[in-house]
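Shown below: entry12.cif, with mmCIF, C-alpha atoms.
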```cif
data_protein
#
loop_
_atom_site.label_atom_id
_atom_site.label_comp_id
_atom_site.auth_asym_id
_atom_site.auth_seq_id
_atom_site.Cartn_x
_atom_site.Cartn_y
_atom_site.Cartn_z
CA MET A 1 81.28 135.40 93.01
CA LYS A 2 84.43 135.41 95.10
CA PRO A 3 86.72 132.43 94.36
CA LEU A 4 88.75 129.89 96.24
CA LEU A 5 92.40 130.52 95.34
CA LEU A 6 94.36 127.32 94.75
CA VAL A 7 98.13 127.86 94.88
CA GLU A 8 99.62 124.62 93.56
CA ASP A 9 102.68 123.99 91.40
CA SER A 10 101.85 120.36 90.59
CA ASP A 11 99.67 120.09 87.48
CA PRO A 12 98.41 116.56 88.32
CA ASP A 13 97.47 117.61 91.86
CA ALA A 14 95.77 120.80 90.68
CA GLU A 15 93.87 119.01 87.91
CA ALA A 16 92.67 116.32 90.33
CA LEU A 17 91.50 118.95 92.81
CA MET A 18 89.69 120.88 90.08
CA ARG A 19 87.88 117.70 88.96
CA ILE A 20 86.88 116.94 92.55
CA ALA A 21 85.71 120.54 93.09
CA LYS A 22 83.39 120.26 90.08
CA ARG A 23 81.84 117.08 91.45
CA LEU A 24 81.27 118.32 95.02
CA PRO A 25 80.19 121.05 93.84
CA LEU A 26 81.90 123.95 95.57
CA PRO A 27 79.71 127.02 96.06
CA VAL A 28 82.52 129.20 94.67
CA PRO A 29 84.71 129.03 91.56
CA VAL A 30 88.29 127.80 91.89
CA VAL A 31 91.11 129.93 90.51
CA ARG A 32 94.52 128.34 90.28
CA VAL A 33 97.94 129.96 90.26
CA ARG A 34 101.10 127.88 89.94
CA ASP A 35 103.51 129.49 92.37
CA GLY A 36 104.02 131.93 95.23
CA GLU A 37 104.94 134.85 93.00
CA ASN A 38 101.68 134.52 91.06
CA ALA A 39 99.77 134.08 94.32
CA LEU A 40 101.08 137.41 95.59
CA ASP A 41 100.41 139.06 92.22
CA TYR A 42 96.85 137.72 92.39
CA LEU A 43 96.30 138.89 95.97
CA TYR A 44 97.77 142.33 95.29
CA ARG A 45 96.11 142.56 91.86
CA ARG A 46 99.32 143.10 89.91
CA GLY A 47 100.06 142.48 86.23
CA VAL A 48 97.81 139.90 84.59
CA HIS A 49 95.88 139.64 87.87
CA ALA A 50 94.90 143.33 87.99
CA ALA A 51 91.19 142.43 87.82
CA ALA A 52 91.42 139.52 90.29
CA GLU A 53 88.64 139.07 92.81
CA ARG A 54 89.58 138.72 96.45
CA PRO A 55 89.37 135.03 97.39
CA VAL A 56 87.11 133.78 100.17
CA LEU A 57 89.61 131.02 100.99
CA ILE A 58 93.16 130.08 99.98
CA LEU A 59 94.39 126.52 99.55
CA LEU A 60 98.17 126.89 99.65
CA ASP A 61 100.93 124.41 98.88
CA LEU A 62 104.05 124.87 101.01
CA HIS A 63 106.91 123.69 98.86
CA MET A 64 107.01 125.47 95.51
CA PRO A 65 109.85 126.81 93.40
CA GLY A 66 110.70 130.46 93.98
CA ILE A 67 108.52 132.08 96.60
CA GLY A 68 107.30 129.26 98.85
CA GLY A 69 104.04 128.86 100.67
CA ARG A 70 105.44 129.94 104.05
CA GLU A 71 106.58 133.26 102.55
CA VAL A 72 103.20 133.79 100.86
CA LEU A 73 101.45 132.98 104.15
CA ALA A 74 103.65 135.32 106.21
CA THR A 75 103.16 138.16 103.68
CA LEU A 76 99.41 137.65 103.60
CA LYS A 77 98.98 137.49 107.37
CA ALA A 78 101.15 140.60 107.87
CA ASP A 79 98.87 142.66 105.62
CA PRO A 80 95.85 144.22 107.40
CA ASP A 81 93.80 144.14 104.18
CA LEU A 82 94.41 140.43 103.52
CA ARG A 83 94.98 138.74 106.88
CA SER A 84 91.32 137.84 107.40
CA ILE A 85 91.33 135.50 104.38
CA PRO A 86 91.45 131.94 105.76
CA VAL A 87 94.47 129.99 104.54
CA ILE A 88 94.57 126.22 104.47
CA ILE A 89 97.99 124.73 103.96
CA PHE A 90 97.66 121.72 101.68
CA SER A 91 100.98 119.93 101.65
CA SER A 92 102.43 116.47 101.30
CA SER A 93 104.89 117.31 104.08
CA VAL A 94 104.29 115.85 107.51
CA ALA A 95 107.49 117.38 108.91
CA ALA A 96 106.87 118.95 112.32
CA GLU A 97 108.79 122.08 111.34
CA ASP A 98 106.46 122.59 108.35
CA VAL A 99 103.28 122.03 110.36
CA ASP A 100 104.41 124.08 113.37
CA GLY A 101 105.87 126.82 111.16
CA ALA A 102 102.69 127.14 109.12
CA TYR A 103 100.59 127.57 112.23
CA ALA A 104 103.12 130.02 113.68
CA ASP A 105 102.84 132.05 110.46
CA GLY A 106 99.05 132.21 110.78
CA ALA A 107 97.65 129.23 108.85
CA ASN A 108 94.03 128.48 109.71
CA SER A 109 94.53 124.77 109.15
CA TYR A 110 97.05 122.28 107.78
CA LEU A 111 95.84 119.38 105.69
CA PHE A 112 98.01 116.54 104.49
CA LYS A 113 97.84 116.21 100.70
CA PRO A 114 97.53 112.52 99.84
CA GLU A 115 98.27 110.97 96.47
CA VAL A 116 95.66 111.47 93.76
CA GLY A 117 92.91 108.93 94.35
CA PRO A 118 90.30 108.00 96.98
CA GLN A 119 92.21 109.62 99.86
CA LEU A 120 92.44 112.93 97.98
CA GLN A 121 88.70 112.72 97.28
CA ALA A 122 87.98 112.10 100.98
CA THR A 123 90.23 114.99 102.05
CA ALA A 124 88.57 117.35 99.57
CA GLU A 125 85.13 116.28 100.78
CA ALA A 126 86.16 116.94 104.39
CA LEU A 127 87.52 120.36 103.43
CA HIS A 128 84.26 121.14 101.61
CA ALA A 129 82.11 119.94 104.51
CA PHE A 130 83.97 122.02 107.07
CA TRP A 131 84.84 125.25 105.23
CA PHE A 132 81.72 125.57 103.06
CA LYS A 133 79.04 123.93 105.19
CA ALA A 134 79.99 124.05 108.89
CA ALA A 135 82.25 127.11 109.13
CA ARG A 136 81.25 130.68 108.50
CA LEU A 137 83.75 132.46 106.25
CA PRO A 138 84.47 136.15 106.76
CA GLU A 139 82.68 138.55 104.46
CA PRO A 140 85.17 139.54 101.76
CA GLN A 141 86.23 143.14 102.29
CA GLU A 142 87.82 145.10 99.51
CA PRO A 143 91.03 146.91 100.50
CA GLU A 144 90.76 150.60 101.21
CA ALA A 145 91.89 152.81 98.34
#
```
Would you put the structure from the file into C-alpha cells?
Amino acid sequence: MKPLLLVEDSDPDAEALMRIAKRLPLPVPVVRVRDGENALDYLYRRGVHAAAERPVLILLDLHMPGIGGREVLATLKADPDLRSIPVIIFSSSVAAEDVDGAYADGANSYLFKPEVGPQLQATAEALHAFWFKAARLPEPQEPEA
C-alpha cells in the first residue's frame, strides 16, 4: 500500500501526528523522514530509501535544517514524474511570504500546525476528512525507467 510521506524534523510533532493517524485510522501507512535531504532521497529512491514506495500524499514541514520544505516542494513540482503527488504544507508559520511562496511553488494546500493537543487533533481530522474521504487522490504512477 502506498504511504503518506511525513517530512517533519520535530520529534514531538511527528510522534503526535503518528499517534493521531493510528486513531483515525488513515487508509494508508505513514512513513516519516526527518529533513528535506531524506525526503528527496525517499522520493528519488536513493541510498537507504532505494526500495521506497511512491507516496500518495506528502505532508511537508517548511522550516527544517538543511534543505527546507520550499526547496523540496520546488524540486518535486519541477519533476514530471513526481509533480502529481499532492503536497500539503504543514507549518507553524503564518507569515504571508511562507504561505504565498508555498502556493507559488505548487503546494496543494497550506495548513497551520498548532501545538500538540486538541487543535492538532482537529486539524488532523480535517486533513483526513478532506484528503482521504472527500478528495480523489491521483493514481500513483511509477516513474518511467
Response to the item:
re CA of Ser92 (chain A) and CA of Ala107 (chain A): distance 15.6 Å
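Put simply, the PyMOL selection byres ((chain A and resi 114-126) around 7) on this file hits A:Asp13, A:Ala16, A:Ile20, A:Ser92, A:Phe112, A:Lys113, A:Leu127, A:His128, A:Ala129, A:Phe130.
Across A:Lys133, A:Thr75, A:Arg32, A:Arg70, the tightest approach to Asp11 (chain A) is made by A:Arg32 when counting all atoms listed in the file.
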Fill in: Answer key for the PyMOL selection byres ((chain A and resi 54-68) around 8), residues as a PyMOL selection string
chain A and resi 2-9+35-37+43+52-53+69-72+85-91+137-140+142
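Picture a line from CA of Ala74 (chain A) to CA of Trp131 (chain A); it runs 21.4 Å.
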Worksheet item: On this structure, which residues satisfy the PyMOL selection byres ((chain A and resi 106) around 8), written as a ChimeraX atom specification?
Response: /A:73-74,77,102-105,107-108
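Separating CA of Glu97 (chain A) from CA of Arg34 (chain A) is a distance of 23.5 Å.
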Edge lengths and centre in Å, axis-aligned, region 71-81 of chain A plus 3 Å each side, as JSON:
```
{"center_x": 100.2, "center_y": 138.6, "center_z": 104.4, "size_x": 18.8, "size_y": 17.2, "size_z": 13.0}
```
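Between Tyr42 (chain A) and the candidates A:Arg19, A:Asp100, A:Ser10, A:Leu76, the tightest atom-to-atom separation, counting only C-alpha atoms, involves A:Leu76.
When only C-alpha atoms are used to compute distances to Asp98 (chain A), the closest of the residues A:Met1, A:Val33, A:Val48, A:Leu111 turns out to be A:Leu111.
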